[in-house]
Structures are given as structure tokens and as C-alpha cells.
file work.pdb (PDB, C-alpha atoms)
ATOM      1  CA  MET A   1      62.032 -39.166 -44.854
ATOM      2  CA  GLU A   2      60.873 -42.676 -45.579
ATOM      3  CA  GLY A   3      58.750 -43.787 -48.468
ATOM      4  CA  PHE A   4      59.788 -41.235 -51.064
ATOM      5  CA  GLU A   5      59.762 -42.350 -54.687
ATOM      6  CA  ARG A   6      63.373 -42.021 -55.783
ATOM      7  CA  GLU A   7      62.711 -42.417 -59.519
ATOM      8  CA  LYS A   8      60.094 -39.656 -59.535
ATOM      9  CA  TYR A   9      62.532 -37.241 -57.904
ATOM     10  CA  ASN A  10      65.189 -38.249 -60.431
ATOM     11  CA  ASP A  11      62.780 -37.597 -63.317
ATOM     12  CA  ILE A  12      61.387 -34.295 -62.004
ATOM     13  CA  LEU A  13      64.848 -32.887 -61.245
ATOM     14  CA  ALA A  14      66.448 -34.419 -64.382
ATOM     15  CA  LEU A  15      69.187 -35.906 -62.229
ATOM     16  CA  LYS A  16      70.124 -38.788 -64.540
ATOM     17  CA  LYS A  17      71.168 -36.309 -67.230
ATOM     18  CA  GLN A  18      73.683 -34.967 -64.711
ATOM     19  CA  GLY A  19      74.851 -38.422 -63.622
ATOM     20  CA  LEU A  20      73.158 -38.013 -60.233
ATOM     21  CA  ASN A  21      70.670 -40.071 -58.220
ATOM     22  CA  THR A  22      68.369 -39.193 -55.325
ATOM     23  CA  SER A  23      69.410 -40.759 -52.025
ATOM     24  CA  VAL A  24      68.018 -38.471 -49.301
ATOM     25  CA  VAL A  25      65.064 -36.108 -48.958
ATOM     26  CA  ALA A  26      65.173 -33.443 -46.254
ATOM     27  CA  THR A  27      62.344 -31.065 -45.485
ATOM     28  CA  ILE A  28      63.126 -27.412 -44.805
ATOM     29  CA  GLY A  29      61.028 -24.374 -44.067
ATOM     30  CA  TYR A  30      58.272 -23.455 -41.672
ATOM     31  CA  ARG A  31      55.057 -25.235 -40.801
ATOM     32  CA  SER A  32      51.889 -23.739 -42.285
ATOM     33  CA  ASP A  33      49.374 -22.183 -39.914
ATOM     34  CA  ASN A  34      46.787 -24.379 -41.675
ATOM     35  CA  ASP A  35      48.644 -27.617 -40.843
ATOM     36  CA  THR A  36      46.100 -29.684 -38.925
ATOM     37  CA  SER A  37      48.747 -32.061 -37.563
ATOM     38  CA  GLN A  38      50.910 -29.388 -35.960
ATOM     39  CA  HIS A  39      49.435 -29.935 -32.502
ATOM     40  CA  THR A  40      49.478 -33.739 -32.460
ATOM     41  CA  PRO A  41      52.125 -35.282 -30.221
ATOM     42  CA  LYS A  42      55.334 -36.511 -31.850
ATOM     43  CA  VAL A  43      56.111 -40.224 -31.704
ATOM     44  CA  ARG A  44      59.693 -41.055 -30.809
ATOM     45  CA  LYS A  45      60.688 -44.713 -30.565
ATOM     46  CA  SER A  46      63.620 -45.786 -28.453
ATOM     47  CA  ILE A  47      66.830 -46.855 -30.159
ATOM     48  CA  LYS A  48      66.412 -50.265 -28.553
ATOM     49  CA  SER A  49      62.994 -50.816 -30.146
ATOM     50  CA  LEU A  50      64.231 -49.598 -33.540
ATOM     51  CA  PHE A  51      67.360 -51.735 -33.677
ATOM     52  CA  ALA A  52      66.406 -54.776 -31.601
TER      53      ALA A  52
END

call {"tool": "encode", "arguments": {"input": "work.pdb", "output": "C-alpha cells"}}
result
Amino acid sequence: MEGFEREKYNDILALKKQGLNTSVVATIGYRSDNDTSQHTPKVRKSIKSLFA
């Protein structure tokens, strides 16, 4: 997940007190029935366009 605010996660989860630091955020769970974006097409860029 891009664009997450690392310091806010560290503060909320009190990670610094444990000598830890946020590096990755992964979403888990199920999509809500009320999610208005669930039927929009996914955008997948080619590897070539990402790493050109």
C-alpha cells in the first residue's frame, strides 16, 4: 500500500517503545457490501511500464 504515514502508525501502535518501526501495510478482510468502488475495473500496469 503506497502513501501510508509511517510515523502515525508508529505512534498509534506504540512501536517505538518496542524498538519497532512500520515498514509495510497489508490489508486483510472482506470488502464491504457498501463499497462503491467494488465494481470498478482494476488497473494493472505492465512490469515494463513500471520499471522502464

call {"tool": "residues_around", "arguments": {"input": "work.pdb", "residues": "Gly3 (chain A)", "least_positions_apart": "6", "cutoff": "12 Å", "atoms": "only C-alpha atoms", "output": "VMD selection string"}}
result
chain A and resid 23 to 25

call {"tool": "atom_distance", "arguments": {"input": "work.pdb", "atom1": "CA of Ile28 (chain A)", "atom2": "CA of Asn10 (chain A)"}}
result
19.1 Å

call {"tool": "atom_distance", "arguments": {"input": "work.pdb", "atom1": "CA of Ser32 (chain A)", "atom2": "CA of Asp11 (chain A)"}}
result
27.4 Å

call {"tool": "atom_distance", "arguments": {"input": "work.pdb", "atom1": "CA of Leu20 (chain A)", "atom2": "CA of Arg6 (chain A)"}}
result
11.5 Å

call {"tool": "axis_aligned_box", "arguments": {"input": "work.pdb", "around": "region 8-17 of chain A", "padding_each_side": "3 Å", "output": "AutoDock Vina command-line options"}}
result
--center_x 65.6 --center_y -36.3 --center_z -62.6 --size_x 17.1 --size_y 12.8 --size_z 15.3

call {"tool": "build_atoms", "arguments": {"input": "work.pdb", "residues": "region 13-39 of chain A", "atoms": "N, CA and C atoms", "output": "PDB file, in the coordinates of the input"}}
result
ATOM      1  N   LEU A  13      63.660 -33.742 -61.349  1.00  0.00           N
ATOM      2  CA  LEU A  13      64.848 -32.887 -61.245  1.00  0.00           C
ATOM      3  C   LEU A  13      65.877 -33.146 -62.348  1.00  0.00           C
ATOM      4  N   ALA A  14      65.548 -34.058 -63.273  1.00  0.00           N
ATOM      5  CA  ALA A  14      66.448 -34.419 -64.382  1.00  0.00           C
ATOM      6  C   ALA A  14      67.847 -34.768 -63.882  1.00  0.00           C
ATOM      7  N   LEU A  15      67.902 -35.578 -62.847  1.00  0.00           N
ATOM      8  CA  LEU A  15      69.187 -35.906 -62.229  1.00  0.00           C
ATOM      9  C   LEU A  15      70.016 -36.878 -63.064  1.00  0.00           C
ATOM     10  N   LYS A  16      69.370 -37.802 -63.752  1.00  0.00           N
ATOM     11  CA  LYS A  16      70.124 -38.788 -64.540  1.00  0.00           C
ATOM     12  C   LYS A  16      70.944 -38.127 -65.631  1.00  0.00           C
ATOM     13  N   LYS A  17      70.430 -37.033 -66.194  1.00  0.00           N
ATOM     14  CA  LYS A  17      71.168 -36.309 -67.230  1.00  0.00           C
ATOM     15  C   LYS A  17      72.479 -35.737 -66.681  1.00  0.00           C
ATOM     16  N   GLN A  18      72.501 -35.522 -65.359  1.00  0.00           N
ATOM     17  CA  GLN A  18      73.683 -34.967 -64.711  1.00  0.00           C
ATOM     18  C   GLN A  18      74.538 -36.050 -64.056  1.00  0.00           C
ATOM     19  N   GLY A  19      74.122 -37.321 -64.239  1.00  0.00           N
ATOM     20  CA  GLY A  19      74.851 -38.422 -63.622  1.00  0.00           C
ATOM     21  C   GLY A  19      74.628 -38.519 -62.124  1.00  0.00           C
ATOM     22  N   LEU A  20      73.476 -38.024 -61.666  1.00  0.00           N
ATOM     23  CA  LEU A  20      73.158 -38.013 -60.233  1.00  0.00           C
ATOM     24  C   LEU A  20      71.970 -38.917 -59.942  1.00  0.00           C
ATOM     25  N   ASN A  21      71.769 -39.228 -58.664  1.00  0.00           N
ATOM     26  CA  ASN A  21      70.670 -40.071 -58.220  1.00  0.00           C
ATOM     27  C   ASN A  21      70.210 -39.612 -56.841  1.00  0.00           C
ATOM     28  N   THR A  22      68.915 -39.585 -56.625  1.00  0.00           N
ATOM     29  CA  THR A  22      68.369 -39.193 -55.325  1.00  0.00           C
ATOM     30  C   THR A  22      68.686 -40.246 -54.276  1.00  0.00           C
ATOM     31  N   SER A  23      69.160 -39.810 -53.108  1.00  0.00           N
ATOM     32  CA  SER A  23      69.410 -40.759 -52.025  1.00  0.00           C
ATOM     33  C   SER A  23      68.782 -40.308 -50.707  1.00  0.00           C
ATOM     34  N   VAL A  24      68.565 -39.004 -50.549  1.00  0.00           N
ATOM     35  CA  VAL A  24      68.018 -38.471 -49.301  1.00  0.00           C
ATOM     36  C   VAL A  24      67.061 -37.334 -49.624  1.00  0.00           C
ATOM     37  N   VAL A  25      65.977 -37.243 -48.852  1.00  0.00           N
ATOM     38  CA  VAL A  25      65.064 -36.108 -48.958  1.00  0.00           C
ATOM     39  C   VAL A  25      64.998 -35.465 -47.578  1.00  0.00           C
ATOM     40  N   ALA A  26      65.233 -34.175 -47.524  1.00  0.00           N
ATOM     41  CA  ALA A  26      65.173 -33.443 -46.254  1.00  0.00           C
ATOM     42  C   ALA A  26      64.185 -32.295 -46.404  1.00  0.00           C
ATOM     43  N   THR A  27      63.306 -32.157 -45.439  1.00  0.00           N
ATOM     44  CA  THR A  27      62.344 -31.065 -45.485  1.00  0.00           C
ATOM     45  C   THR A  27      62.948 -29.833 -44.815  1.00  0.00           C
ATOM     46  N   ILE A  28      62.663 -28.672 -45.388  1.00  0.00           N
ATOM     47  CA  ILE A  28      63.126 -27.412 -44.805  1.00  0.00           C
ATOM     48  C   ILE A  28      61.983 -26.405 -44.872  1.00  0.00           C
ATOM     49  N   GLY A  29      62.045 -25.415 -44.045  1.00  0.00           N
ATOM     50  CA  GLY A  29      61.028 -24.374 -44.067  1.00  0.00           C
ATOM     51  C   GLY A  29      60.247 -24.320 -42.768  1.00  0.00           C
ATOM     52  N   TYR A  30      59.116 -23.649 -42.845  1.00  0.00           N
ATOM     53  CA  TYR A  30      58.272 -23.455 -41.672  1.00  0.00           C
ATOM     54  C   TYR A  30      56.940 -24.162 -41.875  1.00  0.00           C
ATOM     55  N   ARG A  31      56.353 -24.572 -40.775  1.00  0.00           N
ATOM     56  CA  ARG A  31      55.057 -25.235 -40.801  1.00  0.00           C
ATOM     57  C   ARG A  31      53.967 -24.219 -41.111  1.00  0.00           C
ATOM     58  N   SER A  32      53.012 -24.602 -41.931  1.00  0.00           N
ATOM     59  CA  SER A  32      51.889 -23.739 -42.285  1.00  0.00           C
ATOM     60  C   SER A  32      50.957 -23.563 -41.086  1.00  0.00           C
ATOM     61  N   ASP A  33      50.375 -22.406 -40.960  1.00  0.00           N
ATOM     62  CA  ASP A  33      49.374 -22.183 -39.914  1.00  0.00           C
ATOM     63  C   ASP A  33      48.156 -23.072 -40.127  1.00  0.00           C
ATOM     64  N   ASN A  34      47.934 -23.523 -41.353  1.00  0.00           N
ATOM     65  CA  ASN A  34      46.787 -24.379 -41.675  1.00  0.00           C
ATOM     66  C   ASN A  34      47.078 -25.869 -41.497  1.00  0.00           C
ATOM     67  N   ASP A  35      48.266 -26.219 -41.030  1.00  0.00           N
ATOM     68  CA  ASP A  35      48.644 -27.617 -40.843  1.00  0.00           C
ATOM     69  C   ASP A  35      47.867 -28.200 -39.668  1.00  0.00           C
ATOM     70  N   THR A  36      46.960 -29.127 -39.975  1.00  0.00           N
ATOM     71  CA  THR A  36      46.100 -29.684 -38.925  1.00  0.00           C
ATOM     72  C   THR A  36      46.847 -30.637 -38.004  1.00  0.00           C
ATOM     73  N   SER A  37      48.015 -31.115 -38.409  1.00  0.00           N
ATOM     74  CA  SER A  37      48.747 -32.061 -37.563  1.00  0.00           C
ATOM     75  C   SER A  37      49.791 -31.387 -36.671  1.00  0.00           C
ATOM     76  N   GLN A  38      49.853 -30.071 -36.699  1.00  0.00           N
ATOM     77  CA  GLN A  38      50.910 -29.388 -35.960  1.00  0.00           C
ATOM     78  C   GLN A  38      50.786 -29.519 -34.444  1.00  0.00           C
ATOM     79  N   HIS A  39      49.607 -29.839 -33.957  1.00  0.00           N
ATOM     80  CA  HIS A  39      49.435 -29.935 -32.502  1.00  0.00           C
ATOM     81  C   HIS A  39      49.348 -31.375 -32.004  1.00  0.00           C
TER      82      HIS A  39
END
